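Engineer: My structure is stored as target-v9.cif, with mmCIF, C-alpha atoms.
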data_coords
#
loop_
_atom_site.label_atom_id
_atom_site.label_comp_id
_atom_site.auth_asym_id
_atom_site.auth_seq_id
_atom_site.Cartn_x
_atom_site.Cartn_y
_atom_site.Cartn_z
CA MET A 1 0.00 0.00 0.00
CA GLU A 2 1.42 3.35 -1.07
CA SER A 3 -1.49 5.82 -1.11
CA PHE A 4 -3.75 6.51 1.88
CA PHE A 5 -6.94 8.56 2.24
CA ILE A 6 -7.69 9.73 5.79
CA VAL A 7 -11.31 10.38 6.79
CA THR A 8 -11.72 12.16 10.13
CA ASN A 9 -14.80 12.64 12.27
CA ASP A 10 -13.94 16.08 13.66
CA GLY A 11 -16.46 15.57 16.41
CA LYS A 12 -14.28 12.73 17.70
CA ASP A 13 -10.92 14.33 16.83
CA PRO A 14 -11.71 18.07 17.11
CA ASP A 15 -8.11 19.31 17.13
CA PHE A 16 -7.04 16.75 14.52
CA SER A 17 -4.25 15.59 16.82
CA VAL A 18 -4.86 11.92 16.02
CA THR A 19 -5.25 12.72 12.32
CA ASP A 20 -1.92 14.60 12.28
CA ARG A 21 -0.26 11.73 14.10
CA VAL A 22 -1.46 9.20 11.53
CA LYS A 23 -0.40 11.48 8.68
CA ARG A 24 3.10 12.00 10.13
CA LEU A 25 3.63 8.26 10.58
CA LEU A 26 2.59 7.55 7.00
CA LEU A 27 4.71 10.35 5.55
CA LYS A 28 7.70 9.18 7.59
CA ALA A 29 7.30 5.77 5.94
CA GLY A 30 7.34 7.45 2.51
CA LYS A 31 3.64 6.99 1.81
CA THR A 32 1.33 9.38 -0.01
CA THR A 33 -1.49 10.72 2.16
CA TYR A 34 -4.63 12.69 1.43
CA LEU A 35 -6.94 14.32 3.96
CA CYS A 36 -10.66 14.06 3.30
CA ARG A 37 -12.64 17.21 2.60
CA LYS A 38 -16.17 17.50 3.96
CA ASP A 39 -19.04 19.82 3.18
CA GLU A 40 -21.10 21.94 5.59
CA GLU A 41 -23.18 18.90 6.53
CA LYS A 42 -20.01 16.98 7.46
CA ARG A 43 -20.31 14.65 4.48
CA ILE A 44 -17.41 13.47 2.36
CA VAL A 45 -17.00 15.58 -0.78
CA ARG A 46 -16.79 12.82 -3.36
CA GLU A 47 -15.51 15.06 -6.15
CA THR A 48 -12.27 15.69 -4.20
CA ILE A 49 -11.36 12.01 -3.75
CA PRO A 50 -8.18 11.08 -5.67
CA GLU A 51 -8.35 8.36 -8.28
CA LYS A 52 -5.41 6.40 -6.89
CA ILE A 53 -6.04 5.18 -3.32
CA ASP A 54 -4.83 1.92 -1.81
CA CYS A 55 -6.41 2.22 1.63
CA VAL A 56 -8.91 4.41 3.51
CA ILE A 57 -8.17 5.14 7.16
CA VAL A 58 -11.22 6.25 9.15
CA ILE A 59 -10.69 8.10 12.43
CA GLY A 60 -13.94 8.10 14.38
CA GLY A 61 -16.52 5.45 15.20
CA ASP A 62 -18.54 2.79 13.41
CA GLY A 63 -20.81 5.43 11.89
CA SER A 64 -17.86 7.15 10.24
CA LEU A 65 -16.61 3.87 8.83
CA ILE A 66 -20.06 3.03 7.46
CA GLU A 67 -20.21 6.40 5.69
CA ALA A 68 -16.83 5.70 4.09
CA ALA A 69 -17.95 2.21 3.07
CA ARG A 70 -20.94 3.66 1.22
CA VAL A 71 -18.80 6.29 -0.52
CA PHE A 72 -16.14 3.82 -1.65
CA HIS A 73 -18.32 0.74 -2.19
CA ALA A 74 -17.90 0.59 -5.96
CA ARG A 75 -14.11 0.79 -5.68
CA GLU A 76 -13.78 -1.88 -2.94
CA ILE A 77 -10.84 -0.09 -1.32
CA PRO A 78 -9.78 -1.63 2.04
CA ILE A 79 -10.85 0.41 5.07
CA LEU A 80 -9.08 0.57 8.43
CA GLY A 81 -11.01 2.00 11.37
CA ILE A 82 -9.33 3.83 14.26
CA ASN A 83 -11.75 3.89 17.16
CA MET A 84 -12.40 7.27 18.80
CA GLY A 85 -15.70 6.33 20.41
CA THR A 86 -16.99 3.50 22.56
CA LEU A 87 -16.21 -0.12 21.78
CA GLY A 88 -17.26 -0.64 18.18
CA TYR A 89 -17.82 -3.63 15.94
CA LEU A 90 -15.98 -2.19 12.93
CA THR A 91 -13.33 0.25 14.17
CA GLU A 92 -10.87 -2.06 15.86
CA VAL A 93 -7.64 -0.03 16.30
CA GLU A 94 -7.47 1.93 19.55
CA VAL A 95 -5.64 5.27 19.75
CA ASN A 96 -2.89 3.84 21.95
CA ASP A 97 -2.17 1.18 19.33
CA ILE A 98 -1.90 3.43 16.28
CA ASP A 99 1.88 3.22 15.85
CA GLU A 100 1.98 -0.57 15.96
CA ALA A 101 -1.11 -0.86 13.75
CA LEU A 102 0.31 1.38 11.02
CA ILE A 103 3.64 -0.44 11.06
CA ARG A 104 1.83 -3.72 10.50
CA LEU A 105 -0.35 -2.16 7.82
CA ILE A 106 2.67 -0.79 5.93
CA LYS A 107 4.46 -4.14 6.18
CA GLY A 108 1.42 -5.95 4.81
CA ASP A 109 0.84 -7.82 8.07
CA TYR A 110 -2.95 -7.72 7.98
CA ALA A 111 -6.01 -9.61 6.77
CA LEU A 112 -8.99 -8.39 4.79
CA GLU A 113 -12.50 -9.25 5.92
CA SER A 114 -15.32 -9.02 3.36
CA ARG A 115 -18.66 -7.61 4.48
CA MET A 116 -21.62 -7.90 2.14
CA MET A 117 -23.65 -4.79 1.30
CA ILE A 118 -27.20 -4.42 0.03
CA GLU A 119 -28.69 -1.98 -2.45
CA GLY A 120 -32.15 -0.53 -2.85
CA ALA A 121 -33.46 0.31 -6.32
CA PHE A 122 -36.48 2.46 -7.10
CA GLU A 123 -38.88 2.63 -10.03
CA ASP A 124 -37.39 5.93 -11.24
CA GLY A 125 -34.03 4.21 -11.76
CA SER A 126 -32.30 5.67 -8.69
CA ARG A 127 -30.52 3.43 -6.21
CA ASP A 128 -28.39 3.53 -3.07
CA VAL A 129 -26.38 1.10 -0.94
CA ALA A 130 -26.08 0.18 2.73
CA LEU A 131 -23.53 -1.69 4.82
CA ASN A 132 -25.84 -2.01 7.85
CA ASP A 133 -29.45 -1.81 6.80
CA ILE A 134 -32.23 -0.39 4.68
CA VAL A 135 -35.21 0.69 6.78
CA VAL A 136 -38.73 1.52 5.64
CA SER A 137 -40.48 3.59 8.31
CA ARG A 138 -43.33 6.02 8.74
CA LYS A 139 -43.11 9.63 7.65
CA GLY A 140 -44.66 12.28 9.85
CA VAL A 141 -47.30 11.46 12.45
CA LEU A 142 -47.39 8.33 14.56
CA ARG A 143 -49.36 5.65 12.74
CA VAL A 144 -49.26 2.04 11.59
CA LEU A 145 -47.89 1.32 8.11
CA HIS A 146 -49.37 -1.19 5.69
CA PHE A 147 -47.03 -2.87 3.23
CA LYS A 148 -46.48 -6.11 1.34
CA LEU A 149 -43.21 -7.98 1.16
CA TYR A 150 -42.28 -10.17 -1.81
CA VAL A 151 -39.31 -12.53 -2.08
CA ASN A 152 -38.23 -13.58 -5.58
CA GLY A 153 -41.59 -12.47 -6.94
CA GLU A 154 -43.67 -14.40 -4.41
CA LEU A 155 -45.72 -12.73 -1.68
CA LEU A 156 -44.14 -13.55 1.67
CA ASN A 157 -46.37 -11.54 4.00
CA SER A 158 -48.53 -8.46 4.43
CA TYR A 159 -47.52 -6.35 7.40
CA GLU A 160 -49.10 -3.80 9.68
CA ALA A 161 -46.19 -2.36 11.60
CA ASP A 162 -44.19 0.76 12.40
CA GLY A 163 -41.78 -0.24 9.67
CA ILE A 164 -39.39 -2.95 8.56
CA ILE A 165 -35.62 -3.47 8.66
CA ILE A 166 -33.71 -5.23 5.90
CA SER A 167 -30.33 -5.95 7.45
CA THR A 168 -26.96 -7.34 6.41
CA PRO A 169 -25.00 -9.56 8.80
CA THR A 170 -22.90 -6.50 9.71
CA GLY A 171 -26.08 -4.58 10.54
CA SER A 172 -27.58 -7.41 12.58
CA THR A 173 -26.05 -5.90 15.75
CA ALA A 174 -27.50 -2.44 15.02
CA TYR A 175 -31.18 -1.45 14.64
CA ASN A 176 -32.07 -5.07 13.84
CA LEU A 177 -30.90 -6.19 17.27
CA SER A 178 -32.78 -3.37 19.02
CA ALA A 179 -35.96 -4.47 17.21
CA GLY A 180 -35.57 -8.03 18.47
CA GLY A 181 -33.83 -9.48 15.42
CA PRO A 182 -31.12 -12.17 15.49
CA ILE A 183 -27.38 -11.59 15.67
CA VAL A 184 -25.57 -12.94 12.60
CA GLU A 185 -21.84 -13.59 12.18
CA PRO A 186 -20.72 -10.52 10.20
CA THR A 187 -18.86 -12.31 7.40
CA ALA A 188 -21.85 -14.52 6.58
CA SER A 189 -23.87 -14.10 3.38
CA MET A 190 -27.54 -13.64 4.21
CA ILE A 191 -30.25 -11.01 4.61
CA VAL A 192 -32.33 -10.51 7.75
CA ILE A 193 -35.88 -9.12 7.66
CA THR A 194 -37.22 -7.75 10.94
CA PRO A 195 -40.55 -5.92 11.32
CA ILE A 196 -40.62 -2.96 13.70
CA CYS A 197 -43.36 -3.20 16.33
CA SER A 198 -45.58 -5.41 14.22
CA HIS A 199 -49.29 -5.31 15.03
CA ALA A 200 -49.65 -9.09 14.85
CA LEU A 201 -48.74 -12.03 17.06
CA ASN A 202 -45.78 -14.28 16.25
CA THR A 203 -44.29 -11.98 13.62
CA SER A 204 -40.67 -13.02 13.87
CA SER A 205 -37.56 -12.09 11.92
CA ILE A 206 -36.87 -14.01 8.71
CA VAL A 207 -33.40 -14.92 7.47
CA LEU A 208 -33.00 -15.25 3.69
CA SER A 209 -30.25 -16.16 1.28
CA ALA A 210 -28.03 -13.28 0.17
CA GLU A 211 -29.07 -14.07 -3.40
CA ASP A 212 -32.79 -13.47 -2.79
CA GLU A 213 -34.52 -10.40 -4.17
CA ILE A 214 -36.84 -8.54 -1.80
CA VAL A 215 -39.57 -6.13 -2.85
CA ILE A 216 -41.42 -3.90 -0.40
CA GLU A 217 -44.66 -2.40 -1.74
CA ILE A 218 -46.30 0.41 0.21
CA GLY A 219 -50.01 -0.19 0.87
CA ARG A 220 -52.85 2.18 1.61
CA GLY A 221 -53.36 3.77 4.98
CA ARG A 222 -56.44 3.73 7.15
CA ASN A 223 -59.68 4.35 5.24
CA GLY A 224 -57.83 3.96 1.95
CA THR A 225 -55.69 7.05 2.33
CA VAL A 226 -52.38 7.47 0.51
CA GLU A 227 -49.50 6.45 2.74
CA GLU A 228 -46.10 8.15 2.74
CA VAL A 229 -42.94 6.51 4.10
CA PHE A 230 -39.19 6.98 4.24
CA THR A 231 -36.68 4.46 2.93
CA THR A 232 -33.45 5.09 4.83
CA PHE A 233 -29.97 3.78 3.99
CA ASP A 234 -27.72 3.24 7.02
CA GLY A 235 -29.63 5.92 8.89
CA ALA A 236 -28.38 8.59 6.48
CA ASP A 237 -29.81 9.10 2.99
CA MET A 238 -33.60 8.98 2.76
CA VAL A 239 -35.95 8.40 -0.16
CA SER A 240 -39.67 9.13 0.12
CA LEU A 241 -42.21 6.56 -1.14
CA LYS A 242 -45.99 6.55 -1.23
CA THR A 243 -48.80 4.04 -1.66
CA GLY A 244 -48.30 1.74 -4.65
CA GLU A 245 -44.58 2.44 -4.96
CA ARG A 246 -41.86 -0.13 -4.38
CA VAL A 247 -38.25 -0.52 -3.37
CA ILE A 248 -36.33 -3.53 -4.67
CA ILE A 249 -33.59 -4.76 -2.34
CA ARG A 250 -30.84 -7.17 -3.31
CA ARG A 251 -27.23 -7.91 -2.55
CA SER A 252 -24.83 -5.29 -3.86
CA SER A 253 -22.29 -6.40 -6.44
CA ALA A 254 -19.53 -4.91 -4.27
CA ASP A 255 -18.44 -5.84 -0.75
CA THR A 256 -16.76 -3.71 1.90
CA LYS A 257 -13.21 -4.80 2.71
CA ILE A 258 -12.34 -4.26 6.39
CA VAL A 259 -8.64 -4.30 7.37
CA LYS A 260 -8.13 -6.66 10.32
CA LEU A 261 -5.03 -6.26 12.47
CA SER A 262 -6.02 -7.53 15.91
CA ASN A 263 -6.69 -11.08 17.03
CA ILE A 264 -9.93 -10.04 18.73
CA GLY A 265 -12.75 -11.88 17.00
CA PHE A 266 -16.41 -11.00 16.59
CA LEU A 267 -17.52 -13.22 19.47
CA GLU A 268 -15.11 -11.52 21.87
CA ILE A 269 -16.33 -8.07 20.79
CA LEU A 270 -19.91 -9.26 21.12
CA ARG A 271 -19.25 -10.57 24.62
CA ARG A 272 -17.80 -7.23 25.68
CA LYS A 273 -20.68 -5.29 24.16
CA MET A 274 -23.28 -7.48 25.81
CA LYS A 275 -21.57 -6.87 29.17
CA GLY A 276 -21.60 -3.15 28.54
CA ASN A 277 -17.83 -2.62 28.59
#
Can you give me the file's structure in the form of structure tokens?
Structural biologist:
Amino acid sequence: MESFFIVTNDGKDPDFSVTDRVKRLLLKAGKTTYLCRKDEEKRIVRETIPEKIDCVIVIGGDGSLIEAARVFHAREIPILGINMGTLGYLTEVEVNDIDEALIRLIKGDYALESRMMIEGAFEDGSRDVALNDIVVSRKGVLRVLHFKLYVNGELLNSYEADGIIISTPTGSTAYNLSAGGPIVEPTASMIVITPICSHALNTSSIVLSAEDEIVIEIGRGRNGTVEEVFTTFDGADMVSLKTGERVIIRRSSADTKIVKLSNIGFLEILRRKMKGN
């Protein structure tokens, strides 16, 4: 690896002291480094990203790494997360271990872990991707949503719920878990469907093959009114849908490559998270 792109969450590293430290270490090793530019909404300015990048280094938390994964998904550039928040599932390098981690990275002493992504496509031809989840939820006032869910063209179920979560294995420990969904090993290939506060008994999560195609069709509201919902990608970008419209969800053609340097596995991280430390 010769060229590095550093993405900093300035809320986590307000004086850029950690960012400057990472940059100095890379420059000392003779590597090319670029600092990410962000707009007024703190989003990565895609037009300023160089063409030649071998690795993205994210300084922040899991949310920052997920944003980078969505920006770089088509290029499949390896991403290394430096944790500036609480114990995360994706950002594994702690601040005190930066020097050792970068030395190993430069020497090529690392592994790459593939994480599947999903994409949502709309009838107008637009689409977006998610590393964690795609969520369909109500827009505006508190009310129950009506929608149908199809898998590979076949009706799976009609739901009355606050919404529905379509999750990757990586996202299984996020909103999916809070909604009562199952935890899935993050390198697995599958899709998890979890309704949010379903208004029916025994409405459990459903685990599907990563190759299945899922269609969510928005139904009519109470008394036949037109329903409006939000389709949200990783809690960030939102697309509005209304009654009769659909979102088609399938596995993305590109995966996210996470740089792994530590020997701490998913089960150990999970154990720590479940204990609250």
Engineer: Select from segment 87-174 of chain A every residue with an atom at most 12 Å from any atom of segment 3-13 of chain A, then for each give the shortest pair of atoms and their distance in Å to one decimal, using only C-alpha atoms, rows by chain and rising number, as a tab-separated table.
Structural biologist:
residue	atom	partner	partner_atom	distance
A:Val95	CA	A:Asp13	CA	10.9
A:Leu102	CA	A:Phe4	CA	11.2
A:Leu105	CA	A:Phe4	CA	11.0
A:Ile106	CA	A:Ser3	CA	10.5
Engineer: With all atoms listed in the file as the counted atoms, please give the residues lying no more than 7 Å from segment 73-88 of chain A, apart from itself and same-chain residues fewer than 3 positions off, as an MDAnalysis selection string.
Structural biologist: chainID A and resid 12 54:62 65 69:70 91:95 254:259
Engineer: Once you have the residues from the selection above, write them out as an mmCIF file, keeping the file's coordinate frame, restricted to C-alpha atoms.
Structural biologist:
data_model
loop_
_atom_site.group_PDB
_atom_site.id
_atom_site.type_symbol
_atom_site.label_atom_id
_atom_site.label_comp_id
_atom_site.auth_asym_id
_atom_site.auth_seq_id
_atom_site.Cartn_x
_atom_site.Cartn_y
_atom_site.Cartn_z
ATOM 1 C CA LYS A 12 -14.280 12.730 17.700
ATOM 2 C CA ASP A 54 -4.830 1.920 -1.810
ATOM 3 C CA CYS A 55 -6.410 2.220 1.630
ATOM 4 C CA VAL A 56 -8.910 4.410 3.510
ATOM 5 C CA ILE A 57 -8.170 5.140 7.160
ATOM 6 C CA VAL A 58 -11.220 6.250 9.150
ATOM 7 C CA ILE A 59 -10.690 8.100 12.430
ATOM 8 C CA GLY A 60 -13.940 8.100 14.380
ATOM 9 C CA GLY A 61 -16.520 5.450 15.200
ATOM 10 C CA ASP A 62 -18.540 2.790 13.410
ATOM 11 C CA LEU A 65 -16.610 3.870 8.830
ATOM 12 C CA ALA A 69 -17.950 2.210 3.070
ATOM 13 C CA ARG A 70 -20.940 3.660 1.220
ATOM 14 C CA THR A 91 -13.330 0.250 14.170
ATOM 15 C CA GLU A 92 -10.870 -2.060 15.860
ATOM 16 C CA VAL A 93 -7.640 -0.030 16.300
ATOM 17 C CA GLU A 94 -7.470 1.930 19.550
ATOM 18 C CA VAL A 95 -5.640 5.270 19.750
ATOM 19 C CA ALA A 254 -19.530 -4.910 -4.270
ATOM 20 C CA ASP A 255 -18.440 -5.840 -0.750
ATOM 21 C CA THR A 256 -16.760 -3.710 1.900
ATOM 22 C CA LYS A 257 -13.210 -4.800 2.710
ATOM 23 C CA ILE A 258 -12.340 -4.260 6.390
ATOM 24 C CA VAL A 259 -8.640 -4.300 7.370
#
Engineer: Using atom CA of Tyr150 of chain A and atom CA of Ile216 of chain A as the two end points, give the distance in Å to one decimal.
Structural biologist: 6.5 Å
Engineer: I'd like the neighbourhood of Leu270 of chain A as a ChimeraX atom specification, where a residue qualifies if any of its atoms comes within 12 Å (using all atoms listed in the file), though same-chain residues fewer than 2 positions away should be ignored.
Structural biologist: /A:87-90,172-174,183-186,264-268,272-277
Engineer: Written as a list in words, which residues does the PyMOL selection byres ((chain A and resi 179) around 9) give for the file shown?
Structural biologist: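 This file gives the following for the PyMOL selection byres ((chain A and resi 179) around 9): Ile165, Ala174, Tyr175, Asn176, Leu177, Ser178, Gly180, Gly181, Thr194, Pro195, Ile196 and Cys197 of chain A.
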Engineer: Of the residues A:Asn157, A:Ala121, A:Val226, A:Ile218, which is the one nearest to Ser204 of chain A, using only C-alpha atoms?
Structural biologist: A:Asn157
Engineer: Grab the atom CA of Glu123 of chain A to atom CA of Gly235 of chain A distance for me, in Å with one decimal place.
Structural biologist: 21.3 Å
Engineer: How many Å separate atom CA of Arg115 of chain A from atom CA of Cys36 of chain A?
Structural biologist: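 Taking atom CA of Arg115 of chain A as the start and atom CA of Cys36 of chain A as the end point, the length is 23.1 Å.
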Engineer: Please build the interface table for segment 113-154 of chain A against segment 240-244 of chain A with a cut-off of 10 Å, listing for each qualifying residue the nearest atom pair and the distance in Å to one decimal; count only C-alpha atoms, order rows by chain and increasing number, and write it as a Markdown table.
Structural biologist:
| residue | atom | partner | partner_atom | distance |
| --- | --- | --- | --- | --- |
| A:Phe122 | CA | A:Leu241 | CA | 9.2 |
| A:Val136 | CA | A:Leu241 | CA | 9.1 |
| A:Ser137 | CA | A:Ser240 | CA | 9.9 |
| A:Arg138 | CA | A:Ser240 | CA | 9.9 |
| A:Lys139 | CA | A:Ser240 | CA | 8.3 |
| A:His146 | CA | A:Thr243 | CA | 9.0 |
| A:Phe147 | CA | A:Thr243 | CA | 8.6 |
Engineer: Residues of the last selection are to be written out with C-alpha atoms, as a PDB file, in the coordinates of the input.
Structural biologist:
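In the end it all went to again.pdb:
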ATOM      1  CA  PHE A 122     -36.480   2.460  -7.100  1.00  0.00           C
ATOM      2  CA  VAL A 136     -38.730   1.520   5.640  1.00  0.00           C
ATOM      3  CA  SER A 137     -40.480   3.590   8.310  1.00  0.00           C
ATOM      4  CA  ARG A 138     -43.330   6.020   8.740  1.00  0.00           C
ATOM      5  CA  LYS A 139     -43.110   9.630   7.650  1.00  0.00           C
ATOM      6  CA  HIS A 146     -49.370  -1.190   5.690  1.00  0.00           C
ATOM      7  CA  PHE A 147     -47.030  -2.870   3.230  1.00  0.00           C
TER       8      PHE A 147
END
Engineer: So, with only C-alpha atoms as the atoms that count, which of A:Ala101, A:Glu40, A:Lys23, A:Val144 lies closest to Ala200 of chain A?
Structural biologist: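 Counting only C-alpha atoms, the residue closest to Ala200 of chain A is A:Val144.
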Engineer: Would you kindly place N, CA and C atoms on segment 196-212 of chain A and return the model as a short mmCIF file (atom, residue, chain, number, x, y, z; two decimals), keeping the file's coordinate frame?
Structural biologist:
data_model
loop_
_atom_site.label_atom_id
_atom_site.label_comp_id
_atom_site.auth_asym_id
_atom_site.auth_seq_id
_atom_site.Cartn_x
_atom_site.Cartn_y
_atom_site.Cartn_z
N ILE A 196 -40.74 -3.84 12.54
CA ILE A 196 -40.62 -2.96 13.70
C ILE A 196 -41.99 -2.82 14.35
N CYS A 197 -42.10 -3.32 15.57
CA CYS A 197 -43.36 -3.20 16.33
C CYS A 197 -44.55 -3.66 15.50
N SER A 198 -44.50 -4.88 15.04
CA SER A 198 -45.58 -5.41 14.22
C SER A 198 -46.88 -5.53 15.02
N HIS A 199 -47.99 -5.22 14.37
CA HIS A 199 -49.29 -5.31 15.03
C HIS A 199 -49.93 -6.67 14.74
N ALA A 200 -49.18 -7.71 15.03
CA ALA A 200 -49.65 -9.09 14.85
C ALA A 200 -48.85 -9.98 15.79
N LEU A 201 -49.43 -11.09 16.19
CA LEU A 201 -48.74 -12.03 17.06
C LEU A 201 -47.81 -12.91 16.23
N ASN A 202 -46.72 -13.33 16.86
CA ASN A 202 -45.78 -14.28 16.25
C ASN A 202 -45.22 -13.80 14.91
N THR A 203 -44.94 -12.51 14.81
CA THR A 203 -44.29 -11.98 13.62
C THR A 203 -42.79 -11.88 13.91
N SER A 204 -42.09 -12.92 13.55
CA SER A 204 -40.67 -13.02 13.87
C SER A 204 -39.81 -12.54 12.70
N SER A 205 -38.51 -12.40 12.97
CA SER A 205 -37.56 -12.09 11.92
C SER A 205 -37.46 -13.27 10.96
N ILE A 206 -37.06 -12.98 9.74
CA ILE A 206 -36.87 -14.01 8.71
C ILE A 206 -35.47 -13.85 8.14
N VAL A 207 -34.74 -14.94 8.04
CA VAL A 207 -33.40 -14.92 7.47
C VAL A 207 -33.44 -15.55 6.08
N LEU A 208 -32.96 -14.80 5.08
CA LEU A 208 -33.00 -15.25 3.69
C LEU A 208 -31.60 -15.40 3.13
N SER A 209 -31.51 -16.06 2.00
CA SER A 209 -30.25 -16.16 1.28
C SER A 209 -29.84 -14.78 0.78
N ALA A 210 -28.53 -14.55 0.69
CA ALA A 210 -28.03 -13.28 0.17
C ALA A 210 -28.37 -13.09 -1.30
N GLU A 211 -28.75 -14.16 -1.97
CA GLU A 211 -29.07 -14.07 -3.40
C GLU A 211 -30.55 -13.79 -3.66
N ASP A 212 -31.36 -13.74 -2.61
CA ASP A 212 -32.79 -13.47 -2.79
C ASP A 212 -33.04 -12.00 -3.11
#
